[in-house]
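Below is one structure, written out as structure tokens, with a few remarks after it.
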Amino acid sequence: MIFRHLIILLILLPIKAFALVEVDITRGNLNPLPIAVSPLSIDEKSKISFEKILKKENIGEEISTIVENNLKQTGLFNSLDKDAFLQKPDIANLKPRFEDWNLIKAQVLITGKVSFVDEKLRVEFRLWDVLAGREMMALAFTTVPSNWRRVGHIITDKVYETLTGEKGYFDTRIIYVAEEGPKTNRIKKLAIMDQDGFNNKFLTLGNELVLTPRFSPTNQMITYLSYFRNLPRVYLLDIETGLQEVVGDFPGMTFAPRFSPDGKKIIMSFAENGNSDIYTMDLENRIVERITNHPSIDTSPSFSPDGKKITFNSDRSKYQQIYVMDSNGKNVKRISFGNGLYGTPVWSPRGDLIAFTKLHKGKFYIGVMRADGTGERLLTENFYQEAPSWSPNGRVLIFYRETKTNSKGEGFSAKLWSIDLTGYNEKMVETKTDASDPSWSSLLSN
Amino acid sequence: MNLSKILKNGFLILIASLVLTACATQKKVSTGKMQGDVYTGTDSVEYLASGVPDRVFFATNETVLTTASRETLRKQAAWLRKNSNINVVLEGHADERGTREYNLALGERRANSAKDYLMTYGISSDRISVLSYGKERPVDSGSNPLAWSKNRRSVTVKAN
């Protein structure tokens with residue numbers, strides 16, 4: 001629904017700016033950029049209108065808090081304490097007094113205002129380079145009031161892109177599996193939330209086991225595994241209409257689904273008589289194509305962003321390793337050669353890296369390597385963690401982690417975590433229930 | 001299932017069991033309920049009928065049947081031959097120390113090892129279906145080698 005009502009955009013003064021934040025892919029940012037996010041100003045009349053519609057006392061403040069939290073989460077920015085601000089939010093229409101912001105060591109400043117116009121939410125914001133004393137960007141957009149959280153995310157995406165030179169990942173959602181109940185009989189439901197944990201919604205009731213949901217890179221479709229009627233099959237779910245259908249209805253088990261980069265095919269494993277191979281299905285004409293034909297287990301396939309290659313998991317060399325092949329199944333090459341077992345390869349949206357799970361000497365790692373297998377870097381080590389999914393800009397990985405139980409089998413939990421490509425900024429992603437199998441959407445607006 | 005595959009699997013099982021037996025006698029690993037890392041206890045075992053255990057256990061990352069597993073499956077086959085009206089589901093499982101998708105495939109392969117063996121003892125494939133749960137339905141929630149060994153299993157469940 002909300003996606004049709006969107007938005008935007010009246011670009012007031014787009015200024016091509018140089019990046020203020022150096023984004024290194026092998027190192028954390030040790031000097032986060034000090035940024036001041038001034039609460040968006042709001043006139044009294046608009047304030048009352050929004051209070052009525054959204055039950056929020058000051059929507060300007062709320063939106064700027066979203067921006068501030070988003071920026072803080074990246075580890076690249078240090079948002080300054082609002083109590084130290086010398087200038088009030090009503091600066092939105094004026095040029096800021098740069099000396100005042102300089103004094104509190106802000107290098108970048110965000111100002112803006114919100115207003116209620118023709119039953120719509122109108123937002124203007126400006127990004128200022130405090131040191132140079134100039135405006136870097138100014139944008140305005142109008143949307144339905146209920147989209148107010150998305151407005152905060154879209155502002156963050158614009159700011160992030162201007163300051164780092166890379167696309168943002170804030171106006172996005174995460175699909176995951178919500179878990180409850182004892183470890184021996186977990187209840188699992190599909191759930192979806194905004195990237196920052198808000199607007200959480202359950203998409204299934206928990207009557208049947210569901211696993212491994214994945215977002216389409218092009219639209220609001222999900223593919224996942226459901227045990228509906230005890231027949232593990234790949235399903236397709238339209239999260240806007242709620243319609244779902246089975247797509248992998250073969251005489252065995254279909255599992256490990258993902259979309260092709262154009263969203264037109266699903267690639268998945270099909271298991272029959274003890275052997276799992278990889279297949280694709282064209283969603284339009286339902287033509288099924290066999291991609292691998294090998295007596296070993298072939299699973300966890302993932303397309304390269306140009307659709308020309310597929311990385312997958314196979315035990316054809318006895319244990320789980322990562323392989324790359326052409327999209328027609330030709331030229332199969334093993335790329336993981338380190339110590340231990342490798343699983344869940346997933347191609348970065350940038351195309352250069354493959355993220356994976358590694359098991360070595362009883363520990364689980366999330367790591368990345370180049371598509372030719374060189375340059376392996378392990379980002380994080382734990383008792384159990386797996387299933388990385390990339391942010392749409394290829395900067396952050398989200399995965400899930402499970403705890404070790406005590407001698408009585410108690411204390412189990414499963415949570416989502418995110419980590420920067422550098423291995424820095426590891427954070428738990430708050431969810432209302434236990435959670436696993438996260439998948440990041442692409443940017444909802446562009 | 002064609003005959004050559006049955007024969008091939010049977011042959012592999014034979015070799016594997018010889019290797020396993022050899023290992024077991026050499027190492028004499030004894031934790032009370034495990035041999036190597038295959039569970040040999042009866043804690044979670046249920047019975048399809050008197051003297052007919054419902055499940056077999058596997059070593060880490062393995063899908064071959066041990067000597068004890070083959071003995072159990074022969075008892076199941078005898079019981080199924082006597083009760084020709086009963087169909088079964090073989091539920092394959094893995095422990096929690098593996099990635100979810102690979103474990104689904106591994107569970108499917110384990111259940112099919114058991115199925116192939118039942119078929120070599122005269123049970124028609126029409127009477128056997130296979131369902132993999134991967135690591136989704138452990139019987140023991142512990143995070144230790146003994147718990148994991150109980151969870152690496154194929155369980156024969158009556159379907160009707």
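Identifiers in the structure tokens: chain A, B, ... in order shown; residue index from 1 per chain; ligand index from 1 in order shown.
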
Distance table requested - chain A against chain B, cut-off 7 Å, only C-alpha atoms: one row per qualifying residue with the closest atom pair and its distance in Å to one decimal, ordered by chain and rising residue number, as a tab-separated table.
```
residue	atom	partner	partner_atom	distance
A:Lys183	CA	B:Ser141	CA	5.9
A:Thr184	CA	B:Pro138	CA	5.1
A:Asn185	CA	B:Arg137	CA	6.1
A:Ala256	CA	B:Glu101	CA	6.0
A:Ala271	CA	B:Ala105	CA	6.8
A:Asn273	CA	B:Asn112	CA	6.0
A:Gly274	CA	B:Arg109	CA	3.9
A:Asn275	CA	B:Arg109	CA	6.5
A:Ser276	CA	B:Ala105	CA	6.3
A:Ile297	CA	B:Ala105	CA	6.6
A:Thr299	CA	B:Tyr102	CA	6.5
A:Ser300	CA	B:Glu101	CA	6.4
A:Gly343	CA	B:Thr99	CA	6.6
A:Glu386	CA	B:Thr99	CA	6.5
A:Lys404	CA	B:Ser143	CA	5.6
A:Thr405	CA	B:Ser143	CA	5.3
A:Asn406	CA	B:Gly142	CA	6.9
A:Ser407	CA	B:Gly142	CA	6.6
A:Lys408	CA	B:Gly142	CA	6.7
A:Gly409	CA	B:Gly142	CA	4.1
```

Assign secondary structure with DSSP using the backbone only, and return the residues of segment 157-283 of chain A in strand (DSSP E or B) as a ChimeraX atom specification.
/A:173-180,187-194,201-202,210-215,221-226,233-238,244-246,253-259,265-272,275-282

Close residues, Ser44 of chain B itself excluded, 12 Å, only C-alpha atoms, min 4 positions apart in chain, as a list in words
Lys33, Tyr39, Thr40, Pro53, Asp54, Arg55, Val56, Phe57, Pro138, Val139, Asp140, Leu146, Ala147, Ser149, Lys150, Asn151, Arg152, Arg153 and Val155 of chain B

Would you kindly return, as a PyMOL selection string, each protein, DNA or RNA residue with an atom no farther than 9 Å from any atom of Thr60 of chain B, considering only C-alpha atoms and excluding same-chain residues fewer than 5 positions away?
chain B and resi 37-38+94-95+148-149+152

Next, the residues of the selection above should be written as a PDB file, in the first residue's frame with C-alpha atoms.
```
ATOM      1  CA  ASP B  37      30.648 -39.810  17.977  1.00  0.00           C
ATOM      2  CA  VAL B  38      27.693 -42.046  17.130  1.00  0.00           C
ATOM      3  CA  ALA B  94      20.979 -33.098  11.772  1.00  0.00           C
ATOM      4  CA  ASP B  95      22.624 -31.564  14.806  1.00  0.00           C
ATOM      5  CA  TRP B 148      24.362 -33.610  19.188  1.00  0.00           C
ATOM      6  CA  SER B 149      24.850 -37.358  18.748  1.00  0.00           C
ATOM      7  CA  ARG B 152      21.847 -36.827  14.266  1.00  0.00           C
TER       8      ARG B 152
END
```

Calculate how many Å separate atom CA of Asn102 of chain A from atom CA of Ala132 of chain A, rounding to one decimal.
10.3 Å

Taken to one decimal, the atom CA of Tyr365 of chain A-atom CA of Ser260 of chain A distance is 26.1 Å

If you run DSSP on this backbone, which residues of chain B come out as helix (DSSP H, G or I), and could you give them as a VMD selection string?
chain B and resid 3 to 27 67 to 82 100 to 120 125 to 127 145 to 151

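Interatomic distance, atom CA of Val144 of chain A against atom CA of Phe116 of chain A: 9.9 Å.
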
As number ranges by chain, please: the residues near segment 146-152 of chain A (cut-off 6 Å, only C-alpha atoms, same-chain neighbours under 3 positions excluded).
A: 63, 66-67, 155

Keeping N, CA and C atoms for every residue in the selection just given, could you write it to a file as a PDB file, in the first residue's frame?
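Ended up saving to again_17.pdb:
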```pdb
ATOM      1  N   ILE A  63      11.281  12.819  13.622  1.00  0.00           N
ATOM      2  CA  ILE A  63      11.965  12.504  12.364  1.00  0.00           C
ATOM      3  C   ILE A  63      13.471  12.716  12.502  1.00  0.00           C
ATOM      4  N   ILE A  66      15.087   9.844  14.212  1.00  0.00           N
ATOM      5  CA  ILE A  66      15.305   8.688  13.327  1.00  0.00           C
ATOM      6  C   ILE A  66      16.619   8.866  12.567  1.00  0.00           C
ATOM      7  N   VAL A  67      16.807  10.065  12.007  1.00  0.00           N
ATOM      8  CA  VAL A  67      18.021  10.355  11.240  1.00  0.00           C
ATOM      9  C   VAL A  67      19.261  10.185  12.121  1.00  0.00           C
ATOM     10  N   ILE A 155      15.798  10.741   4.352  1.00  0.00           N
ATOM     11  CA  ILE A 155      16.750  11.833   4.644  1.00  0.00           C
ATOM     12  C   ILE A 155      18.126  11.232   4.959  1.00  0.00           C
TER      13      ILE A 155
END
```

12 Å contact set for Val288 of chain A, only C-alpha atoms, chain neighbours under 4 positions out, as a PyMOL selection string:
chain A and resi 247-250+265-270+278-284

I need the chosen residues saved as a PDB file, in the first residue's frame, with C-alpha atoms.
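To be explicit, this is the file written out as selection-v1.pdb:
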```pdb
ATOM      1  CA  VAL A 247       6.642 -22.543  -6.669  1.00  0.00           C
ATOM      2  CA  GLY A 248       8.807 -25.565  -5.985  1.00  0.00           C
ATOM      3  CA  ASP A 249       6.181 -28.293  -6.120  1.00  0.00           C
ATOM      4  CA  PHE A 250       8.417 -31.149  -7.176  1.00  0.00           C
ATOM      5  CA  LYS A 265      13.720 -16.417 -11.539  1.00  0.00           C
ATOM      6  CA  ILE A 266      14.045 -18.358  -8.334  1.00  0.00           C
ATOM      7  CA  ILE A 267      17.113 -20.471  -7.819  1.00  0.00           C
ATOM      8  CA  MET A 268      16.789 -23.287  -5.298  1.00  0.00           C
ATOM      9  CA  SER A 269      17.790 -26.783  -4.282  1.00  0.00           C
ATOM     10  CA  PHE A 270      15.683 -29.804  -5.045  1.00  0.00           C
ATOM     11  CA  ILE A 278      20.375 -26.785  -7.967  1.00  0.00           C
ATOM     12  CA  TYR A 279      17.523 -25.692 -10.236  1.00  0.00           C
ATOM     13  CA  THR A 280      16.047 -22.435 -11.452  1.00  0.00           C
ATOM     14  CA  MET A 281      12.429 -21.653 -12.139  1.00  0.00           C
ATOM     15  CA  ASP A 282      11.293 -18.838 -14.395  1.00  0.00           C
ATOM     16  CA  LEU A 283       8.426 -17.175 -12.529  1.00  0.00           C
ATOM     17  CA  GLU A 284       6.658 -16.060 -15.679  1.00  0.00           C
TER      18      GLU A 284
END
```

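Using only C-alpha atoms, the shortest contact distance between Tyr424 of chain A and any of A:Thr380, A:Asn31, A:Asn293, A:Asn393 is found at A:Thr380.
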